[in-house]
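Just below is one structure, and these are the notes that go with it.
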Amino acid sequence: MPLLEVRELCSHYGDLQALFDLSLDVAEGEATALIGANGAGKSTLIRAIAGLGSRSRGAIRFDGQAIEAEPAERIARRGIALVPEGRMLFPSLTVEENLRMGALCGRTGHWTLPTVYALFPILQEFRHRPATQLSGGQQQMVSIGRALMANPRLMLCDEISLGLAPVVIEQIYRAFGDIRAQGTALLVVEQDVTRACRIAQRVYCLLKGRVTLAGRASDFSAAQIANAYFGH
Amino acid sequence: MAWLETLINGVLLGGLYALFGLGLALVFGVMRMVNLAHGEFVVLAAYFAVFLATQFPGVSPLFFIAPVALAAFGMGYLLQRLLLNRAVATDDPLTPVLVTFGIAVVLRNLMVELFGADPRALDGGALATAGFEIGGLRIGWYPVLVLVLAVLAFGALQWLLQHSRFGLVVRATSDHREIVRTMGVRPRHVYAVVMGLSLAFASVAGLLLALRTSFTPFSGVERLLGAFEVVIIGGLGSFRWALVGGIALGVAQLVGQRLDSNAGALYAHLLFFAVLMVRPNGIAGART
């Protein structure tokens, strides 16, 4: 049984329908990439899984339990953490306070302040600074660290490489190995198709709210992915 | 010497004004919401204290502070949970303004219906008039008590927000009320506790003021005006500076009263006007 099962999900973004009968699986401990052009419905799907979406139809099961009707607060306690688009750090809080927010849902495990600092050592140096005074890459580390503090079984990452320098992106994705080693599965929205196929075992391509390609990342040629991406 | 006395008593009165503003500033800072019924709740708390005084004659009104604050907290919690959370969720700043304006009108008329329109006051007994002399200055115990309570309230709130887990959650919710939900925080509950705290502070101020001046069901507007002036002089959303704003108003009022015994409050309003002209964002406005 997959850790996360999405079945025939229909969801709206404002007044527009953004997802059409979408189905998707994420296996325990695996990294799955979600690719697709702007407006394909990737963020709507991520928000729906996290419980932040508007009313939707269809089923979302996590560890066999139906969660589609649950509020975001309860989904968080079940072990789904979100690294939101635009990082959404708390400007009134220091780096360390931001990280501590992640631990509020009360799940214990490998990830604590010391282990997060070991993963991103630069954060320890800046831990008493206001979080939004850090560089973009460092802020992204705070956002990922904050999600890890919940010791999630599934971490949703929405566009974490947006606006960052390639060298910084590499540095952040290198941490994903350590994160998966602790048993956390990942569902990653990534604009860069090559990078997505490299970091993930499975890949889903979305186009206008529907899945146009799904399977092992290594099974597809660049042309196949391009077709699914642009819908030629 | 008389002027120094006026100044000191002004500082002490300012503590009371600061307490009015504290609750208003807290709610605005966390929820970006203005509670126009703030003054009515202050008056309601004063009526509750008068009711307690009739039930327990001879007991010092100071013993009523805890029950009044507790009742106000519960009322604030329920009010936010049942009504205001929905108004805040519309994301339109006008909705809570209209809703709380409506609540203010309803409360005012309800109080007239229940308690009548006659002025009431809380009998402070010896406390209201007792004082002490220091270096030839006569200082009342009552204003000293008020200032001590105000400073304690500000200190406690400051500590709570900066160093407790609850404060961490409140600050984060104030920043991103949707994202905190993905960390297991329920913003509706956080907002309700904040409203409860706001009304608890306001009710303590209402009780203390009732010891000094009489009030009617219509006194709320005046209280709200005072609270607004405190908050705006301090800088909107910065409750730290509300204490300074309150003291400034208290001093202005008593100094004004000495110059012109009929128009003390006018001088407080003039100070407010002057601050608005010079620093439209309040004392803390330029710092943040």
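Please note that chains go A, B, ... in the order of the structure tokens, that every chain numbers its residues from 1, and that ligands are numbered from 1 in the order shown.
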Please tabulate, as a tab-separated table, the residues of chain B that come within 10 Å of chain A, each with its closest pair of atoms and the distance in Å to one decimal, counting only C-alpha atoms and ordering rows by chain, then residue number upward.
residue	atom	partner	partner_atom	distance
B:Gln162	CA	A:Leu93	CA	9.5
B:Arg165	CA	A:Met101	CA	9.1
B:Leu168	CA	A:Glu97	CA	7.2
B:Val169	CA	A:Met101	CA	7.3
B:Arg171	CA	A:Ser92	CA	6.4
B:Ala172	CA	A:Phe90	CA	5.7
B:Thr173	CA	A:Phe90	CA	8.5
B:Ser174	CA	A:Ser92	CA	8.6
B:Asp175	CA	A:Phe90	CA	5.6
B:His176	CA	A:Phe90	CA	6.8
B:Glu178	CA	A:Leu52	CA	7.7
B:Ile179	CA	A:Met88	CA	7.3
B:Val180	CA	A:Met101	CA	8.0
B:Arg181	CA	A:Glu73	CA	4.9
B:Thr182	CA	A:Ala76	CA	5.3
B:Met183	CA	A:Cys105	CA	5.6
B:Gly184	CA	A:Glu73	CA	4.0
B:Val185	CA	A:Glu73	CA	6.0
B:Arg186	CA	A:Glu73	CA	6.5
B:Pro187	CA	A:Glu73	CA	9.6
Expected file contents, prior selection, N, CA and C atoms, as a tab-separated table (two decimals), in the first residue's frame:
chain	number	residue	atom	x	y	z
B	162	GLN	N	7.17	37.24	24.25
B	162	GLN	CA	8.54	37.04	23.80
B	162	GLN	C	9.16	35.72	24.25
B	165	ARG	N	5.86	29.70	24.96
B	165	ARG	CA	5.47	28.96	23.76
B	165	ARG	C	4.20	29.57	23.16
B	168	LEU	N	5.14	32.53	21.11
B	168	LEU	CA	5.71	32.09	19.83
B	168	LEU	C	4.59	31.82	18.83
B	169	VAL	N	3.59	31.09	19.28
B	169	VAL	CA	2.46	30.75	18.42
B	169	VAL	C	1.68	32.00	18.01
B	171	ARG	N	2.82	35.12	17.77
B	171	ARG	CA	3.58	35.92	16.80
B	171	ARG	C	3.56	35.28	15.43
B	172	ALA	N	3.71	33.95	15.40
B	172	ALA	CA	3.72	33.26	14.11
B	172	ALA	C	2.35	33.36	13.44
B	173	THR	N	1.29	33.23	14.23
B	173	THR	CA	-0.06	33.31	13.66
B	173	THR	C	-0.32	34.70	13.12
B	174	SER	N	0.21	35.70	13.82
B	174	SER	CA	0.07	37.07	13.35
B	174	SER	C	0.77	37.27	12.01
B	175	ASP	N	1.88	36.56	11.78
B	175	ASP	CA	2.62	36.65	10.52
B	175	ASP	C	1.91	35.92	9.37
B	176	HIS	N	1.61	34.65	9.57
B	176	HIS	CA	0.99	33.84	8.51
B	176	HIS	C	-0.07	32.94	9.12
B	178	GLU	N	-2.38	31.20	7.81
B	178	GLU	CA	-2.70	29.96	7.13
B	178	GLU	C	-1.59	28.92	7.32
B	179	ILE	N	-0.33	29.36	7.19
B	179	ILE	CA	0.79	28.43	7.26
B	179	ILE	C	0.91	27.77	8.64
B	180	VAL	N	0.57	28.49	9.70
B	180	VAL	CA	0.69	27.88	11.04
B	180	VAL	C	-0.20	26.64	11.16
B	181	ARG	N	-1.25	26.59	10.37
B	181	ARG	CA	-2.15	25.41	10.45
B	181	ARG	C	-1.39	24.15	10.04
B	182	THR	N	-0.46	24.27	9.10
B	182	THR	CA	0.30	23.08	8.69
B	182	THR	C	1.31	22.68	9.76
B	183	MET	N	1.37	23.43	10.87
B	183	MET	CA	2.22	23.06	12.00
B	183	MET	C	1.37	22.63	13.18
B	184	GLY	N	0.09	22.39	12.92
B	184	GLY	CA	-0.79	21.89	13.97
B	184	GLY	C	-1.42	22.96	14.84
B	185	VAL	N	-1.23	24.26	14.46
B	185	VAL	CA	-1.78	25.35	15.27
B	185	VAL	C	-3.19	25.68	14.76
B	186	ARG	N	-4.13	25.92	15.69
B	186	ARG	CA	-5.49	26.31	15.30
B	186	ARG	C	-5.64	27.82	15.48
B	187	PRO	N	-5.56	28.61	14.40
B	187	PRO	CA	-5.61	30.07	14.52
B	187	PRO	C	-6.88	30.56	15.22
Next item on the list: Would you mind writing down, as a ChimeraX atom specification, each residue of chain A that DSSP on the backbone assigns to alpha helix (DSSP H)?
Entry: /A:42-50,72-78,95-102,113-119,121-125,136-148,166-181,193-199,222-230
Next item on the list: Between CA of Ala69 (chain B) and CA of Gly131 (chain B), measure the distance and give it in Å to one decimal.
Entry: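 Going from CA of Ala69 (chain B) over to CA of Gly131 (chain B) covers 26.1 Å.
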Which residues, written as a PDB file with C-alpha atoms, in the first residue's frame, have at least one atom at most 10 Å from Gln133 (chain A), with only C-alpha atoms counted and residues fewer than 6 positions away on the same chain left out?
ATOM      1  CA  PRO A  91       9.284  37.524   9.909  1.00  0.00           C
ATOM      2  CA  THR A  94      14.203  34.329  14.769  1.00  0.00           C
ATOM      3  CA  VAL A  95      15.647  31.418  12.799  1.00  0.00           C
ATOM      4  CA  PHE A 126      22.447  32.742  12.421  1.00  0.00           C
ATOM      5  CA  GLN A 139      15.758  31.054   4.183  1.00  0.00           C
TER       6      GLN A 139
END
Next item on the list: Work out how far apart CA of Val116 (chain A) and CA of Gln171 (chain A) are and give it in Å to one decimal.
Entry: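 Going from CA of Val116 (chain A) over to CA of Gln171 (chain A), I get 14.6 Å.
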Write out as a short mmCIF file (atom, residue, chain, number, x, y, z; two decimals) with N, CA and C atoms, in the first residue's frame each polymer residue whose atoms come within 12 Å of Arg258 (chain B), counting only C-alpha atoms; drop sequence neighbours fewer than 4 positions from it.
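Output (around_32.cif):
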data_model
loop_
_atom_site.label_atom_id
_atom_site.label_comp_id
_atom_site.auth_asym_id
_atom_site.auth_seq_id
_atom_site.Cartn_x
_atom_site.Cartn_y
_atom_site.Cartn_z
N ALA B 2 3.47 71.85 43.85
CA ALA B 2 2.14 71.41 43.40
C ALA B 2 2.22 70.89 41.97
N TRP B 3 3.09 71.49 41.16
CA TRP B 3 3.22 71.04 39.78
C TRP B 3 3.84 69.65 39.70
N LEU B 4 4.81 69.43 40.55
CA LEU B 4 5.46 68.12 40.57
C LEU B 4 4.45 67.05 40.95
N GLU B 5 3.58 67.42 41.92
CA GLU B 5 2.54 66.51 42.36
C GLU B 5 1.60 66.18 41.19
N THR B 6 1.24 67.21 40.46
CA THR B 6 0.36 67.03 39.30
C THR B 6 1.01 66.08 38.29
N LEU B 7 2.29 66.32 38.08
CA LEU B 7 3.03 65.51 37.12
C LEU B 7 3.03 64.04 37.54
N ASN B 9 0.97 62.51 39.62
CA ASN B 9 -0.37 61.94 39.55
C ASN B 9 -0.79 61.69 38.10
N GLY B 10 -0.28 62.55 37.20
CA GLY B 10 -0.57 62.36 35.78
C GLY B 10 0.03 61.06 35.27
N VAL B 251 -0.65 62.65 31.90
CA VAL B 251 0.03 63.88 32.30
C VAL B 251 -0.64 65.08 31.65
N ALA B 252 -0.92 64.97 30.34
CA ALA B 252 -1.54 66.10 29.64
C ALA B 252 -2.89 66.45 30.27
N GLN B 253 -3.65 65.41 30.66
CA GLN B 253 -4.97 65.69 31.21
C GLN B 253 -4.88 66.42 32.55
N LEU B 254 -3.99 65.95 33.43
CA LEU B 254 -3.92 66.58 34.76
C LEU B 254 -3.27 67.96 34.72
N ASN B 262 -11.96 73.03 33.95
CA ASN B 262 -13.11 72.40 33.31
C ASN B 262 -12.73 71.55 32.11
N ALA B 263 -11.51 71.70 31.63
CA ALA B 263 -11.23 71.14 30.32
C ALA B 263 -9.98 70.27 30.29
N GLY B 264 -9.80 69.47 31.33
CA GLY B 264 -8.61 68.62 31.38
C GLY B 264 -8.50 67.69 30.20
N ALA B 265 -9.62 67.05 29.86
CA ALA B 265 -9.60 66.06 28.78
C ALA B 265 -9.23 66.71 27.45
N TYR B 267 -7.03 68.88 26.86
CA TYR B 267 -5.58 68.95 26.69
C TYR B 267 -5.01 67.60 26.27
#
Note to self: Restricting the calculation to only C-alpha atoms: of A:Leu4, A:Ile199, A:Val188, A:Ala214, which residue gets closest to Ala27 (chain A)?
What the structure shows: A:Leu4
Note to self: Give me the residues near Leu78 (chain B) as a list in words, where near means some atom within 9 Å (using only C-alpha atoms) and where sequence neighbours in that chain fewer than 4 positions away do not count.
What the structure shows: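 Listed by chain and then number, they are Phe73, Gly74, Leu82, Leu83, Ala192, Met195 and Gly196 of chain B.
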Item checked: Close residues, Arg120 (chain B) itself excluded, 8 Å, only C-alpha atoms, min 5 positions apart in chain, as an NGL selection string -> :B and (214-216)
Could those selected residues go to a file with C-alpha atoms, as a compact mmCIF listing (two decimals), in the first residue's frame?
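What ended up in selection-v2.txt:
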# COMPACT_ATOMS: atom_id res chain seq x y z
CA SER B 214 -18.79 57.46 37.78
CA PHE B 215 -19.98 55.81 34.59
CA THR B 216 -23.17 55.22 32.61
Next item on the list: Please return as a ChimeraX atom specification: the residues of region 129-206 of chain A that backbone DSSP assigns to strand (DSSP E).
Entry: /A:154-158,185-189,202-206
Next item on the list: Could you tell me which of B:Val194, B:Val255, B:Ile65, B:Leu24 comes closest to Arg81 (chain B) if we count only C-alpha atoms?
Entry: B:Val194
Next item on the list: List the neighbours of Ile46 (chain A) out to 8 Å using only C-alpha atoms; skip same-chain residues closer than 4 positions along the sequence, and give me the result as a PyMOL selection string.
Entry: chain A and resi 42+50+156+158
Next item on the list: May I ask for the distance between CA of Gly183 (chain A) and CA of Gly41 (chain A), given in Å to one decimal place?
Entry: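 If I compute the distance from CA of Gly183 (chain A) to CA of Gly41 (chain A), I get 27.2 Å.
Across B:Leu62, B:Pro217, B:Glu133, B:Leu211, the tightest approach to Glu113 (chain B) is made by B:Pro217 when counting only C-alpha atoms.
Using only C-alpha atoms, the nearest neighbour of Met277 (chain B) within the list B:Ala130, B:Ile233, B:Ala87, B:Val11 is B:Ile233.
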Next item on the list: Can you work out which one of A:Ser11, A:Gln17, A:Gln191, A:Gln65 has the shortest atom-to-atom distance to Leu45 (chain A), counting only C-alpha atoms?
Entry: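 Closest residue, counting only C-alpha atoms: A:Ser11.
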Check: Of the candidates A:Arg210, A:Arg127, A:Arg7, A:His110, which one gets nearest to Glu68 (chain A) if we count only C-alpha atoms?
Finding: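 Of A:Arg210, A:Arg127, A:Arg7, A:His110, the one nearest Glu68 (chain A) is A:Arg7, counting only C-alpha atoms.
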